[in-house]
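Below is one structure; the comments refer to it alone.
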Amino acid sequence: MPGLLLGDVFPNFEAETTFGTIKLHEFLGDSWGILFSHPRDYTPVCTTELGRAARLSGEFSKRNVRMIALSINSVEDHHGWSKDILAYNCEDPSCCSLPFPIIADSKRELAIALGMLDPDEKDNDGMPLTARCVFIIGPDKRLKLSLLYPATTGRNFDEILRVVDALQLTVTRRVATPADWKPGDCVMVPPGLSEKEAASLFPAGVYTKDLPSGKKYLRYTPQLGAQAECLYSELQLSNMK
Ligand code: BEZ
């Protein structure tokens, strides 16, 4: 099955969308991008997902991320379905419109090219539906992250926002983010950095957790401007010893 690997240049495809014909790279410009795919219009899980994505669109804009959705129906269907999504979101759907385009992948050309089909979910003609993919694309148009959920499991858009924060942090600083990291928490010093390099890169301090192996790899440092919370985490860790 064709697909994309991390670091690949995302294809600059042309597609019909609810915002007209777009070419992906021109649509993204210098921004980050998120492409999220959906099995089919007028389905319940997809409606809640697009509603949530629309409610979070201001947060994605703040992070310079342009959003684009994809589903296998026509542009006309997408326009009709958008009204349902807006009604799911608010009392007065006439007050607004979806803040991102939806691609009409009627022939599943993109679903096939990007490896997004879910073989377990089929339409009435026995054709596989599109799975719930998330592609996060950097300003260099390269794939930074991908997630693939089956049609039956809705995505968590707070998590998608969180990984954007982590990705944007780790391209600007030589750090990594631990499990369940959220902005303001300590970040990890990556294994490739020597103690000397870490000390010069992180003048706020590097805290190394003592481990049974004696190896000094569990190192963390405050996120810039968030030292107090990191020291708090250090206290919590010492309490657990
Ligand atoms: C849904 O969006 O609700 C859905 C779509 C295809 C299969 C299962 C659920």
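Naming works like this for the structure tokens: A, B, ... for the chains as they're shown, residue 1 at the start of each chain, ligands 1 onward in shown order.
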> Hey, which residues come within 8 Å of ligand 1 if we count only C-alpha atoms and all ligand atoms? Could you give them as a list of chain:residue names?
Replying inline: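 Using only C-alpha atoms and all ligand atoms, I find these residues within 8 Å of ligand 1: A:His38, A:Pro39, A:Arg40, A:Asp41, A:Tyr42, A:Thr43, A:Pro44, A:Val45, A:Cys46, A:Thr47, A:Glu121, A:Leu129, A:Ala151, A:Thr152, A:Thr153, A:Gly154.
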Would you mind exporting the chosen residues as a short mmCIF file (atom, residue, chain, number, x, y, z; two decimals), in the first residue's frame, restricted to all heavy atoms?
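As a result, out-v4.cif now contains:
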```
data_model
loop_
_atom_site.label_atom_id
_atom_site.label_comp_id
_atom_site.auth_asym_id
_atom_site.auth_seq_id
_atom_site.Cartn_x
_atom_site.Cartn_y
_atom_site.Cartn_z
N HIS A 38 -11.72 11.69 6.69
CA HIS A 38 -12.96 11.14 7.26
C HIS A 38 -13.53 10.08 6.34
O HIS A 38 -13.42 10.20 5.12
CB HIS A 38 -14.00 12.27 7.41
CG HIS A 38 -13.56 13.29 8.39
ND1 HIS A 38 -13.82 13.19 9.73
CD2 HIS A 38 -12.81 14.39 8.22
CE1 HIS A 38 -13.25 14.20 10.35
NE2 HIS A 38 -12.64 14.95 9.47
N PRO A 39 -14.18 9.06 6.92
CA PRO A 39 -14.74 7.99 6.08
C PRO A 39 -15.83 8.49 5.12
O PRO A 39 -15.83 8.14 3.96
CB PRO A 39 -15.33 7.00 7.08
CG PRO A 39 -14.61 7.27 8.36
CD PRO A 39 -14.26 8.72 8.36
N ARG A 40 -16.77 9.29 5.63
CA ARG A 40 -17.95 9.60 4.80
C ARG A 40 -18.71 10.77 5.39
O ARG A 40 -18.70 10.95 6.61
CB ARG A 40 -18.87 8.37 4.77
CG ARG A 40 -19.77 8.30 3.60
CD ARG A 40 -20.29 6.89 3.37
NE ARG A 40 -20.28 6.05 4.55
CZ ARG A 40 -21.27 5.19 4.84
NH1 ARG A 40 -22.34 5.13 4.10
NH2 ARG A 40 -21.18 4.42 5.89
N ASP A 41 -19.39 11.53 4.53
CA ASP A 41 -20.24 12.64 5.01
C ASP A 41 -21.49 12.07 5.70
O ASP A 41 -21.88 10.93 5.46
CB ASP A 41 -20.70 13.51 3.84
CG ASP A 41 -19.54 14.26 3.19
OD1 ASP A 41 -18.38 13.94 3.48
OD2 ASP A 41 -19.81 15.16 2.37
N TYR A 42 -22.13 12.89 6.46
CA TYR A 42 -23.39 12.54 7.14
C TYR A 42 -23.24 11.27 7.99
O TYR A 42 -24.09 10.37 7.93
CB TYR A 42 -24.53 12.36 6.12
CG TYR A 42 -24.83 13.59 5.30
CD1 TYR A 42 -24.48 13.66 3.95
CD2 TYR A 42 -25.46 14.70 5.88
CE1 TYR A 42 -24.75 14.80 3.19
CE2 TYR A 42 -25.74 15.84 5.12
CZ TYR A 42 -25.38 15.88 3.79
OH TYR A 42 -25.65 17.00 3.05
N THR A 43 -22.15 11.18 8.73
CA THR A 43 -21.95 10.06 9.66
C THR A 43 -21.68 10.66 11.04
O THR A 43 -21.12 11.77 11.15
CB THR A 43 -20.78 9.15 9.23
OG1 THR A 43 -19.65 9.97 8.98
CG2 THR A 43 -21.12 8.31 8.02
N PRO A 44 -22.07 9.95 12.11
CA PRO A 44 -22.06 10.59 13.42
C PRO A 44 -20.68 10.94 13.98
O PRO A 44 -20.45 12.07 14.44
CB PRO A 44 -22.77 9.58 14.33
CG PRO A 44 -22.72 8.29 13.60
CD PRO A 44 -22.67 8.60 12.13
N VAL A 45 -19.75 9.98 13.95
CA VAL A 45 -18.43 10.26 14.54
C VAL A 45 -17.75 11.41 13.80
O VAL A 45 -17.19 12.35 14.40
CB VAL A 45 -17.53 8.98 14.53
CG1 VAL A 45 -16.15 9.29 15.08
CG2 VAL A 45 -18.19 7.85 15.31
N CYS A 46 -17.82 11.36 12.46
CA CYS A 46 -17.19 12.42 11.64
C CYS A 46 -17.79 13.79 11.98
O CYS A 46 -17.07 14.80 12.00
CB CYS A 46 -17.40 12.15 10.17
SG CYS A 46 -16.61 10.64 9.60
N THR A 47 -19.08 13.82 12.22
CA THR A 47 -19.73 15.10 12.51
C THR A 47 -19.19 15.68 13.82
O THR A 47 -18.88 16.88 13.90
CB THR A 47 -21.26 14.91 12.57
OG1 THR A 47 -21.68 14.38 11.31
CG2 THR A 47 -21.98 16.21 12.86
N GLU A 121 -14.03 -1.21 6.77
CA GLU A 121 -15.26 -0.41 6.64
C GLU A 121 -15.55 -0.20 5.16
O GLU A 121 -14.73 0.38 4.44
CB GLU A 121 -15.09 0.96 7.33
CG GLU A 121 -14.96 0.87 8.84
CD GLU A 121 -16.20 0.35 9.54
OE1 GLU A 121 -17.32 0.50 8.99
OE2 GLU A 121 -16.05 -0.23 10.64
N LEU A 129 -13.86 2.41 2.90
CA LEU A 129 -13.95 3.84 3.24
C LEU A 129 -12.57 4.35 3.66
O LEU A 129 -11.66 3.56 3.92
CB LEU A 129 -14.93 4.03 4.40
CG LEU A 129 -16.38 3.62 4.13
CD1 LEU A 129 -17.22 3.77 5.39
CD2 LEU A 129 -16.97 4.47 3.01
N ALA A 151 -12.16 3.73 11.23
CA ALA A 151 -13.38 4.54 11.09
C ALA A 151 -14.21 4.57 12.37
O ALA A 151 -14.89 5.55 12.67
CB ALA A 151 -14.21 4.00 9.94
N THR A 152 -14.15 3.49 13.15
CA THR A 152 -15.03 3.38 14.32
C THR A 152 -14.54 4.14 15.55
O THR A 152 -15.24 4.18 16.56
CB THR A 152 -15.16 1.89 14.71
OG1 THR A 152 -13.86 1.31 14.66
CG2 THR A 152 -16.08 1.15 13.76
N THR A 153 -13.34 4.74 15.48
CA THR A 153 -12.77 5.40 16.67
C THR A 153 -12.47 6.86 16.38
O THR A 153 -11.59 7.17 15.56
CB THR A 153 -11.46 4.68 17.10
OG1 THR A 153 -11.76 3.29 17.28
CG2 THR A 153 -10.91 5.26 18.38
N GLY A 154 -13.20 7.76 17.04
CA GLY A 154 -12.99 9.19 16.83
C GLY A 154 -11.68 9.67 17.46
O GLY A 154 -11.22 9.10 18.45
#
```
For range 75-126 of chain A versus range 18-28 of chain A, which residues have an atom no more than 8 Å away, and what is each residue's nearest atom pair and distance in Å rounded to one decimal, using only C-alpha atoms, chain-then-number order, as CSV?
```
residue,atom,partner,partner_atom,distance
A:Val75,CA,A:Thr18,CA,5.7
A:His78,CA,A:Thr18,CA,6.9
A:His79,CA,A:Thr18,CA,6.7
A:Phe100,CA,A:Phe19,CA,8.0
A:Pro101,CA,A:Thr18,CA,5.2
A:Ile102,CA,A:Thr18,CA,5.5
A:Ile103,CA,A:Thr18,CA,6.8
A:Ala104,CA,A:Thr18,CA,7.9
```
> Can you list, as a ChimeraX atom specification, every residue of range 52-224 of chain A that DSSP puts in strand (DSSP E or B)?
Replying inline: /A:65-71,102-104,117-122,128-130,132-137,142-149,176,187-188,207-208,219-221
>> When you look at Leu110 in chain A with a cut-off of 10 Å (counting only C-alpha atoms), what residues show up, excluding the ones that are within fewer than 5 positions of it in the same chain? I need them as a ChimeraX atom specification.
In response: /A:11,13-15,37,70-72,103-105,115-117,130
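The neighbours of range 133-141 of chain A here are the residues that come within 8 Å of it, using only C-alpha atoms and leaving out any residue fewer than 6 positions away in the same chain; they are Val9, Phe10, His25, Leu28, Gly29, Asp30, Ser31, Trp32, Gly33, Ile34, Leu35, Phe36, Ser37, His38, Met116, Leu147, Leu148, Tyr149 and Val164 of chain A.
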> Closest to Thr48 in chain A among A:Glu195, A:Asp84, A:Asp165, A:Asp118, using only C-alpha atoms?
Replying inline: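 Ranking A:Glu195, A:Asp84, A:Asp165, A:Asp118 by distance to Thr48 in chain A, first place goes to A:Asp84.
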>> I need the residues in range 65-222 of chain A that are helix (DSSP H, G or I) according to DSSP; give them as number ranges by chain.
In response: A: 75-89, 93-95, 109-113, 157-172, 195-201
> Within 12 Å of range 197-201 of chain A, counting only C-alpha atoms, which residues qualify if same-chain residues fewer than 3 places away don't, as number ranges by chain?
Replying inline: A: 173-175, 188-194, 204-208, 217, 219-222, 224
> Which residue gives the smallest distance to Asp120 in chain A among A:Thr177, A:Ser57, A:Asn12, A:Pro150, with only C-alpha atoms counted?
Replying inline: A:Pro150
> To one decimal place, how far is CA of Ala176 in chain A from CA of Phe60 in chain A in Å?
Replying inline: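 These atoms are spaced 21.3 Å apart.
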> Out of A:Glu49, A:Asn73, A:Phe202, A:Arg162, which residue has the shortest atom-to-atom distance to Asp123 in chain A when counting only C-alpha atoms?
Replying inline: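 Answer, going by the shortest atom-to-atom distance: A:Asn73.
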> So what do you get for CA of Phe157 in chain A versus CA of Leu56 in chain A, distance-wise?
Replying inline: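 CA of Leu56 in chain A lies at a distance of 7.9 Å from CA of Phe157 in chain A.
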> With only C-alpha atoms as the atoms that count, which of A:Leu50, A:Cys96, A:Ala111, A:Leu6 lies nearest to Trp81 in chain A?
Replying inline: A:Leu50
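Counting only C-alpha atoms and comparing A:Met127, A:Ala69, A:Val187, A:Leu169, the residue that lies closest to Glu16 in chain A is A:Ala69.
Going from CA of Arg52 in chain A over to CA of Asn89 in chain A, you cover 7.9 Å.
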